[in-house]
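One structure below.
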Amino acid sequence: MRTHTCGELRIEDTGKEVVLCGWVQRSRDLGGMVFVDLRDRYGITQLVFSDSIDEELYKKAKTLGREFVIKAKGTVVERTNKNLEISTGYIEIVSKSLEILSESENVPFTIEEETDGGEELRMKYRYLDLRRNVVQNNLIIRHHLAFEVRNFLNQFSFLEVETPVLIKSTPEGARDFLVPSRLNPGQFYALPQSPQTFKQLLMVGGIDKYFQIVKCFRDEDFRADRQPEFSQIDCEMSFVTKEKIYEIFESLVRHLFVRIKGFEPEKFYVMKYDDAIKYYGTDKPDTRFDMKFVELDKFAKGKGFKVFDDAELVVGIKIPGCADYSRKQLDSLTEWVKRPQIGAKGLVYVKINSDGTYKSSVDKFFSNEDIKEWADAFNAEEGDLLLILAGENKHTRKALGELRLEMGNRLELRDNKKYKCLWVEDFPLLEWDEETSRYYAMHHPFTTPLEEDIPKLDKDPGNVRANAYDLVINGVEIAGGSLRINNRELQSKMFEALGISKEEAEKQFGFLLNAFKYGVPPHGGIAFGFDRLCALFAGTDSIRDVIAFPKNNAGRDIMIDSPAAIDEKQLNDIKLKIDIKK
Ligand code: ASP
């Protein structure tokens with residue numbers, strides 16, 4: 001139908017007879033001449049319809065509205081009024097014929113680089129939003145990433161294997177999405193939260209390097225930027241050490257950077273989970289900037305300042321060059337840490353003045369000498385500002401971690417042109433849950449404990465570390481994985497530590513324990529959050545931007561209006577009775 005795309009023609013093409021198809025982005029009638037910006041996936045080309053050349057055609061062009069789909073034939077000519085902003089801006093098409101292929105009603109928002117449509121509106125009409133360059137570019141990045149992942153892993157002999165989507169519900173992990181089985185009334189499939197057990201069974205099956213770009217489903221409470229369905233690059237390898245896993249997947253990430261961004265990230269660092277928490281208050285530190293935590297308990301307690309004396313932990317960060325913060329700025333930071341999301345009770349500050357003296361919000365309780373000790377602990381220099389929080393250990397670290405990120409934002413230290421990649425390792429194996437009074441696997445129940453910690457599994461399970469690791473880029477958890485248990489006894493012991501009875505373990509995971517009878521290679525793997533990876537490469541904070549048809553923050557697809565009620569007959573077929581009290 002078309003000879004060229006709307007992004008293709010250049011000055012060298014002048015004189016050519018061409019046929020273009022696309023959407024009318026804009027048309028302007030300048031009296032005697034209609035100019036049309038014709039758009040497709042590849043770009044925008046200007047068409048001209050002139051009264052003096054063809055009166056009928058000119059009249060027809062005047063009827064074109066935004067988003068009409070047209071086909072136009074004409075000659076490429078050099079433009080007098082060139083547009084240097086776009087690659088086709090040197091030429092235009094003097095049209096000889098025009099066919100309207102499909103008309104369009106008024107669209108609910110403008111389909112241009114900058115749009116006037118709010119997010120919900122654009123989601124309702126996602127197919128219109130998809131016509132915008134910015135949105136298409138994100139899908140193009142996603143496509144290239146998927147393509148390069150396959151390319152790279154294929155070179156390393158990984159096999160892409162599909163695992164089932166209708167599987168079995170297990171109570172570990174997040175909540176499952178359930179699918180009733182019509183042929184087995186009262187029984188349900190579950191959608192996979194990840195192909196974890198299947199990829200391990202592939203290892204038992206001798207497929208020693210597996211990957212899959214795969215949809216996963218988790219029925220979790222809605223949180224900003226969570227999607228109930230999301231994609232993983234799921235990988236597993238046999239006969240592998242942790243170091244080998246780091247090596248291969250660092251190479252994969254480097255390959256993606258080179259192919260998609262044209263440069264390689266700096267060195268990948270490795271950090272212990274305990275250090276991440278101690279120095280950054282989070283297991284996914286943004287290491288684009290420093291601002292490490294310094295603990296002040298031994299200097300700050302016992303001087304009569306009750307807030308510090310009663311605190312489990314007194315800890316702070318040093319903000320270089322910010323001693324000139326005004327009262328107002330400090331008050332605003334105090335308000336910020338007191339917000340319920342952060343939950344600190346207050347904020348103590350110390351300014352290191354340019355004359356070497358100190359000004360702090362706790363001058364009443366601490367002498368200049370006392371404060372000098374704090375400043376020394378921070379290696380603080382004149383002009384620095386110290387921000388200090390105190391309270392319960394975990395909570396205070398988390399709050400200070402948030403404050404650190406906020407200061408990073410305010411000081412523009414979180415440069416989105418910079419990429420810092422970090423392996424965080426030796427996570428705790430188990431996590432205590434107050435509500436249900438039991439341990440849960442921090443990663444999943446198939447992760448091996450560190451060899452030297454195995455004896456602690458019985459008496460001190462809370463302090464057992466795991467062979468588990470995350471890949472963190474710029475403070476975002478991009479991937480996570482572990483070395484797996486490959487022996488029945490240890491796997492049973494792990495279920496025991498999780499408070500899962502023998503019978504229950506047999507019922508839920510019998511297939512795995514059974515498989516473990518028949519020769520299981522040592523194995524381990526990793527899964528990348530593919531949507532997050534795409535968002536990182538696309539330079540957006542929201543994974544919705546890199547998903548063709550995303551759900552909104554309440555988990556709804558507002559375009560197709562789902563989830564939705566189903567009719568009586570469907571309910572009868574699956575023998576489900578639903579009694580919803582309105
Ligand atoms: N299946 C795990 C997850 O979804 C990743 C892994 O351990 O490979 O988090």
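Chain labels A, B, ... are given in the sequence in which chains occur in the structure tokens; within each chain residues are numbered consecutively from 1, and ligands are likewise numbered from 1 in the order shown.
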Q: Excluding range 504-509 of chain A and residues on its chain fewer than 6 positions from it, collect all residues at most 10 Å away from it, counting only C-alpha atoms, and give them as a VMD selection string.
A: chain A and resid 168 to 172 197 491 to 492 495 to 496
Q.
Set the distance at 9 Å and use only C-alpha atoms: which residues neighbour range 250-266 of chain A once local chain neighbours fewer than 5 positions away are removed? I'd like the list as a list in words.
A.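 These residues fall inside the cut-off: Ile141, His144, Leu145, Glu148, Val149, Phe152, Leu153, Ile245, Lys418, Tyr419, Lys420, Cys421 and Phe537 of chain A.
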Next, write the just-selected residues to a file, as a short mmCIF file (atom, residue, chain, number, x, y, z; two decimals), in the first residue's frame, keeping N, CA, C and O atoms as the atom set.
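What landed in again_36.cif:
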```
data_model
loop_
_atom_site.label_atom_id
_atom_site.label_comp_id
_atom_site.auth_asym_id
_atom_site.auth_seq_id
_atom_site.Cartn_x
_atom_site.Cartn_y
_atom_site.Cartn_z
N ILE A 141 12.28 -0.24 23.22
CA ILE A 141 13.36 -0.61 24.17
C ILE A 141 13.08 -1.99 24.75
O ILE A 141 13.96 -2.84 24.84
N HIS A 144 13.89 -4.63 22.21
CA HIS A 144 15.33 -4.82 22.03
C HIS A 144 15.94 -5.56 23.21
O HIS A 144 16.81 -6.41 23.05
N LEU A 145 15.48 -5.20 24.42
CA LEU A 145 16.01 -5.88 25.60
C LEU A 145 15.71 -7.38 25.55
O LEU A 145 16.59 -8.21 25.75
N GLU A 148 17.88 -9.01 22.94
CA GLU A 148 19.29 -9.12 23.33
C GLU A 148 19.49 -10.13 24.45
O GLU A 148 20.53 -10.78 24.53
N VAL A 149 18.50 -10.25 25.34
CA VAL A 149 18.58 -11.26 26.40
C VAL A 149 18.63 -12.64 25.76
O VAL A 149 19.48 -13.48 26.08
N PHE A 152 21.98 -13.19 23.92
CA PHE A 152 23.10 -13.43 24.83
C PHE A 152 23.01 -14.82 25.46
O PHE A 152 23.97 -15.58 25.43
N LEU A 153 21.85 -15.14 26.02
CA LEU A 153 21.74 -16.41 26.74
C LEU A 153 21.87 -17.59 25.77
O LEU A 153 22.43 -18.63 26.12
N ILE A 245 27.50 -17.50 38.72
CA ILE A 245 26.21 -16.83 38.46
C ILE A 245 26.43 -15.32 38.36
O ILE A 245 25.94 -14.66 37.44
N LYS A 418 23.80 8.06 35.47
CA LYS A 418 24.84 7.27 36.11
C LYS A 418 24.24 5.93 36.55
O LYS A 418 23.09 5.89 37.00
N TYR A 419 24.98 4.83 36.40
CA TYR A 419 24.46 3.52 36.79
C TYR A 419 25.42 2.83 37.73
O TYR A 419 26.58 2.62 37.40
N LYS A 420 24.93 2.51 38.93
CA LYS A 420 25.76 1.81 39.91
C LYS A 420 25.13 0.45 40.19
O LYS A 420 23.99 0.37 40.67
N CYS A 421 25.88 -0.58 39.87
CA CYS A 421 25.34 -1.94 40.01
C CYS A 421 26.01 -2.62 41.20
O CYS A 421 27.21 -2.50 41.40
N PHE A 537 16.02 1.08 31.74
CA PHE A 537 16.62 1.45 30.46
C PHE A 537 15.84 2.55 29.75
O PHE A 537 16.41 3.33 29.00
#
```
Q) Residues within 12 Å of ligand 1 (only C-alpha atoms and all ligand atoms), as a PyMOL selection string? A) chain A and resi 173-174+192-200+210-212+214-218+230-237+245+441-448+466-471+477-485+523-530
Q: For Tyr90 in chain A, please output as an MDAnalysis selection string all residues within 9 Å (counting only C-alpha atoms; exclusion window: fewer than 2 positions along the same chain).
A: chainID A and resid 9:11 77:84 86:88 92
Q | Nearest residue to Ile319 in chain A from the set A:Gly43, A:Gly408, A:Pro563, A:Gly118 (distances using only C-alpha atoms) | A |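 Nearest candidate to Ile319 in chain A out of A:Gly43, A:Gly408, A:Pro563, A:Gly118: A:Gly408.
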Q: as a ChimeraX atom specification, list the residues of range 314-479 of chain A assigned to strand (DSSP E) by DSSP on the backbone atoms of this structure.
A: /A:314-319,348-352,358-360,385-391,421-425,430-433,438-441,468-473,476-479
